[in-house]
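Trainee: Here you go, one structure.
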Amino acid sequence: MKSATFISTDVIRASFSAAMSSMYRTEVPAYGTLLSLVAKVNAQTLAASPELRHRLEQTDTLDRISEERHGAIRVGTPAELSMLRRVFAVMGMYPVGYYDLSEAGVPVHSTAFRPVRDDALKINPFRVFTSLLRLDLIEDAELREEARKTLDARQIFTTNAVSLVEKAESQGGLELDDAALFVKEMLVTFRWHDQASVSADLYRRLNDAHRLIADVVSFKGPHINHLTPRTLDIDVVQELMPAYGISPKAVIEGPPTRACPILLRQTSFKALEENVSFRNAQGEWEAGSHTARFGEIEQRGIALTPKGRALYDRLLAESRKVVRPAPDGSNADAYIAALSAAFKAFPDDWDSIRKQGLGYFRYTAVATFPHGGLSARDASDIDALVALGAVTFDPIVYEDFLPVSAAGIFQSNLGDNDGQKFTASPSQREFEADLGTPVLDEFAHYEGLQKASIERCRQHFKPVALAS
């Protein structure tokens with residue numbers, strides 16, 4: 001009997017990412033314009049910086065830049081979240097990190113599904129920031145119950161999609177035809193629906209509580225609300241967007257402009273007002289509108305250690321004590337100035353960041369370095385190896401997200417008046433119970449990548465240590 005030939009989860013993920021990008025380009029034409037702009041800026045940035053190109057080539061990350069995307073989706077029930085976990089596992093994507101967006105006034109908590117192995121990230125680093133609505137944070141008990149009933153009545157996955165997930169789990173993968181069908185069926189979940197599943201009156205009440213609540217509850221599917229290409233120079237993209245007919249948000253979320261990028265910077269264009277239909281009391285469709293989907297761009301920097309992240313959080317908090325960015329961008333210049341001033345306290349060269357233990361690095365042995373020039377002590381000391389030129393180091397890219405930045409993007413695209421205000425209410429244990437598994441700790445993961453690279457260097461020079 002012929003054994004099954006399963007398609008790699010990396011290939012399925014790449015196929016789904018490409019299909020999603022094509023679908024979203026059709027649904028939101030401005031996204032296609034954004035891709036063209038980002039491609040142009042990336043090409044110009046690489047042409048102007050041979051050192052950056054060389055570093056990306058040396059770390060096998062140059063090719064992934066143009067293909068890199070992250071998306072965002074918001075679901076309404078634990079069952080939907082749990083099923084999404086199983087869906088993403090078919091694509092080699094796993095939950096990393098816990099994000100409490102209620103701390104920034106948004107009634108969701110989230111994780112990011114993404115590949116975690118280095119080789120998988122190099123093939124296709126597609127990520128989906130996935131949020132679960134916190135119904136418990138809705139103050140109006142009657143509205144909360146109506147939202148719950150509406151969500152419980154829907155099925156966001158096709159029968160075929162569920163069957164294919166079960167098949168992949170039972171047999172350990174999917175063959176070619178099933179993998180292609182899986183991608184096709186899963187696009188249905190992420191597709192836009194222009195007919196609401198609630199009445200215009202219920203939509204208005206949900207919207208008055210918070211626009212994100214209306215977005216999650218009011219449709220038969222969650223729909224992808226943005227796709228995000230990665231740029232190598234977000235400041236240039238921000239500056240050029242108006243010339244491409246795109247109106248950017250006033251402030252780039254995250255850290256200020258730096259020579260050595262850290263964590264994540266994001267900007268976006270305003271959410272589109274799109275035509276939707278609502279059922280009236282007579283069961284007839286009536287015209288209306290909904291605002292949710294937008295375009296986003298990101299620039300990724302180095303992953304920070306707990307020490308580095310604590311410094312980042314402190315400096316961000318200090319800047320916001322001086323000026324808190326207004327959703328309408330009215331104080332953008334003042335906020336950018338305060339942010340830049342605060343972050344002068346964060347070192348802006350790779351060696352200082354490394355020596356102070358603020359960021360994670362990948363170490364690589366220099367193949368041409370003469371072993372004879374090392375002592376046994378030097379051969380096992382990574383700092384000594386770096387100082388001698390026997391080992392090079394490169395920043396490990398931050399593959400995850402920032403809750404304040406994510407909330408800032410949400411808020412700027414949901415309007416300035418958010419209705420009910422929410423206080424911080426982290427509940428990782430509850431989220432993981434709904435998810436069906438613990439989330440991966442991103443700090444431990446980056447630490448493991450760094451330690452593995454150090455061990456490879458030590459093994460490379462091990463004969464010197466043994467001979468001595």
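Note on naming: chains are A, B, ... as they come in the structure tokens, residues start from 1 per chain, ligands start from 1 in the order shown.
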Counting only C-alpha atoms, what is within 8 Å of Arg69 (chain A), bar same-chain residues fewer than 3 positions away, as JSON, numbers by chain?
Mentor: {"A": [17, 125, 126, 127, 227, 228, 229, 230]}
Trainee: Just the residues within 8 Å of Val237 (chain A), please, counting only C-alpha atoms, with nothing from its chain fewer than 4 positions along; format it as a PyMOL selection string.
Mentor: chain A and resi 37-38+41+231+233+241
Trainee: For the alpha helix (DSSP H) assignment from backbone DSSP, which residues of region 23-138 of chain A qualify? Please present them as an mmCIF file with C-alpha atoms, in the first residue's frame.
Mentor:
data_model
loop_
_atom_site.group_PDB
_atom_site.id
_atom_site.type_symbol
_atom_site.label_atom_id
_atom_site.label_comp_id
_atom_site.auth_asym_id
_atom_site.auth_seq_id
_atom_site.Cartn_x
_atom_site.Cartn_y
_atom_site.Cartn_z
ATOM 1 C CA MET A 23 -8.260 38.091 -1.453
ATOM 2 C CA TYR A 24 -7.631 41.171 0.681
ATOM 3 C CA ARG A 25 -6.148 43.063 -2.272
ATOM 4 C CA THR A 26 -9.434 42.456 -4.107
ATOM 5 C CA GLU A 27 -11.582 43.416 -1.115
ATOM 6 C CA PRO A 29 -7.740 47.914 -3.208
ATOM 7 C CA ALA A 30 -5.770 50.389 -1.053
ATOM 8 C CA TYR A 31 -3.928 47.355 0.380
ATOM 9 C CA GLY A 32 -2.514 46.684 -3.101
ATOM 10 C CA THR A 33 -1.340 50.294 -3.291
ATOM 11 C CA LEU A 34 0.301 49.835 0.092
ATOM 12 C CA LEU A 35 2.176 46.743 -1.102
ATOM 13 C CA SER A 36 3.548 48.659 -4.093
ATOM 14 C CA LEU A 37 4.712 51.523 -1.889
ATOM 15 C CA VAL A 38 6.387 49.220 0.631
ATOM 16 C CA ALA A 39 8.160 47.276 -2.133
ATOM 17 C CA LYS A 40 9.516 50.539 -3.569
ATOM 18 C CA VAL A 41 10.754 51.817 -0.194
ATOM 19 C CA ASN A 42 12.351 48.468 0.678
ATOM 20 C CA ALA A 43 14.226 48.379 -2.642
ATOM 21 C CA GLN A 44 15.480 51.945 -2.135
ATOM 22 C CA THR A 45 16.516 51.230 1.451
ATOM 23 C CA LEU A 46 18.514 48.155 0.455
ATOM 24 C CA ALA A 47 20.174 50.016 -2.432
ATOM 25 C CA ALA A 48 21.232 52.825 -0.086
ATOM 26 C CA PRO A 50 24.822 47.680 1.416
ATOM 27 C CA GLU A 51 25.581 46.878 5.067
ATOM 28 C CA LEU A 52 21.890 46.160 5.771
ATOM 29 C CA ARG A 53 21.606 44.040 2.632
ATOM 30 C CA HIS A 54 24.714 42.073 3.624
ATOM 31 C CA ARG A 55 23.401 41.458 7.146
ATOM 32 C CA LEU A 56 20.051 40.240 5.829
ATOM 33 C CA GLU A 57 21.808 37.984 3.319
ATOM 34 C CA GLN A 58 24.140 36.590 5.972
ATOM 35 C CA LEU A 62 16.522 38.926 2.890
ATOM 36 C CA ASP A 63 14.099 36.847 0.822
ATOM 37 C CA ARG A 64 11.452 36.767 3.564
ATOM 38 C CA ILE A 65 11.106 40.559 3.759
ATOM 39 C CA SER A 66 8.989 40.957 0.614
ATOM 40 C CA GLU A 67 6.754 38.011 1.540
ATOM 41 C CA PRO A 78 -13.903 30.355 23.363
ATOM 42 C CA ALA A 79 -15.044 27.672 20.900
ATOM 43 C CA GLU A 80 -14.058 29.857 17.944
ATOM 44 C CA LEU A 81 -10.664 30.589 19.515
ATOM 45 C CA SER A 82 -10.011 26.919 20.263
ATOM 46 C CA MET A 83 -10.884 25.877 16.722
ATOM 47 C CA LEU A 84 -8.638 28.570 15.281
ATOM 48 C CA ARG A 85 -5.786 27.108 17.333
ATOM 49 C CA ARG A 86 -6.337 23.764 15.604
ATOM 50 C CA VAL A 87 -6.626 25.446 12.203
ATOM 51 C CA PHE A 88 -3.370 27.328 12.589
ATOM 52 C CA ALA A 89 -1.577 24.183 13.784
ATOM 53 C CA VAL A 90 -2.266 22.667 10.335
ATOM 54 C CA ASP A 118 14.061 29.479 12.585
ATOM 55 C CA ASP A 119 13.788 27.450 9.380
ATOM 56 C CA ALA A 120 10.000 27.849 9.320
ATOM 57 C CA LEU A 121 10.256 31.619 9.819
ATOM 58 C CA LYS A 122 12.697 31.898 6.918
ATOM 59 C CA ILE A 123 10.297 30.026 4.626
#
Trainee: Extract the full set of strand (DSSP E) residues from region 362-413 of chain A according to DSSP on the backbone, and format it as a PDB file with N, CA, C and O atoms, in the first residue's frame.
Mentor:
ATOM      1  N   ARG A 362      21.936  36.565  17.809  1.00  0.00           N
ATOM      2  CA  ARG A 362      22.328  35.267  17.268  1.00  0.00           C
ATOM      3  C   ARG A 362      23.825  35.338  16.950  1.00  0.00           C
ATOM      4  O   ARG A 362      24.263  36.212  16.192  1.00  0.00           O
ATOM      5  N   TYR A 363      24.608  34.428  17.535  1.00  0.00           N
ATOM      6  CA  TYR A 363      26.062  34.430  17.380  1.00  0.00           C
ATOM      7  C   TYR A 363      26.487  33.414  16.328  1.00  0.00           C
ATOM      8  O   TYR A 363      25.924  32.312  16.260  1.00  0.00           O
ATOM      9  N   THR A 364      27.485  33.786  15.517  1.00  0.00           N
ATOM     10  CA  THR A 364      27.954  32.924  14.436  1.00  0.00           C
ATOM     11  C   THR A 364      29.475  32.866  14.439  1.00  0.00           C
ATOM     12  O   THR A 364      30.143  33.922  14.454  1.00  0.00           O
ATOM     13  N   ALA A 365      30.035  31.656  14.431  1.00  0.00           N
ATOM     14  CA  ALA A 365      31.491  31.497  14.376  1.00  0.00           C
ATOM     15  C   ALA A 365      32.016  31.901  13.001  1.00  0.00           C
ATOM     16  O   ALA A 365      31.410  31.588  11.981  1.00  0.00           O
ATOM     17  N   VAL A 391      33.886  35.512  16.475  1.00  0.00           N
ATOM     18  CA  VAL A 391      32.440  35.315  16.421  1.00  0.00           C
ATOM     19  C   VAL A 391      31.775  36.652  16.077  1.00  0.00           C
ATOM     20  O   VAL A 391      32.185  37.707  16.578  1.00  0.00           O
ATOM     21  N   THR A 392      30.775  36.612  15.210  1.00  0.00           N
ATOM     22  CA  THR A 392      29.973  37.799  14.914  1.00  0.00           C
ATOM     23  C   THR A 392      28.605  37.652  15.576  1.00  0.00           C
ATOM     24  O   THR A 392      28.218  36.556  15.986  1.00  0.00           O
ATOM     25  N   PHE A 393      27.886  38.754  15.663  1.00  0.00           N
ATOM     26  CA  PHE A 393      26.548  38.674  16.251  1.00  0.00           C
ATOM     27  C   PHE A 393      25.579  39.536  15.449  1.00  0.00           C
ATOM     28  O   PHE A 393      25.941  40.573  14.895  1.00  0.00           O
ATOM     29  N   ASP A 394      24.345  39.061  15.365  1.00  0.00           N
ATOM     30  CA  ASP A 394      23.285  39.768  14.654  1.00  0.00           C
ATOM     31  C   ASP A 394      22.045  39.811  15.540  1.00  0.00           C
ATOM     32  O   ASP A 394      21.750  38.850  16.261  1.00  0.00           O
ATOM     33  N   PRO A 395      21.288  40.907  15.488  1.00  0.00           N
ATOM     34  CA  PRO A 395      20.075  40.994  16.312  1.00  0.00           C
ATOM     35  C   PRO A 395      19.044  39.959  15.896  1.00  0.00           C
ATOM     36  O   PRO A 395      18.859  39.684  14.707  1.00  0.00           O
TER      37      PRO A 395
END
Trainee: How many Å lie between CA of Gly448 (chain A) and CA of Ser375 (chain A), rounded to one decimal?
Mentor: 26.7 Å
Trainee: Just give me the gap between CA of Asp235 (chain A) and CA of Val322 (chain A) in Å, one decimal is fine.
Mentor: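 These two atoms are separated by 22.7 Å.
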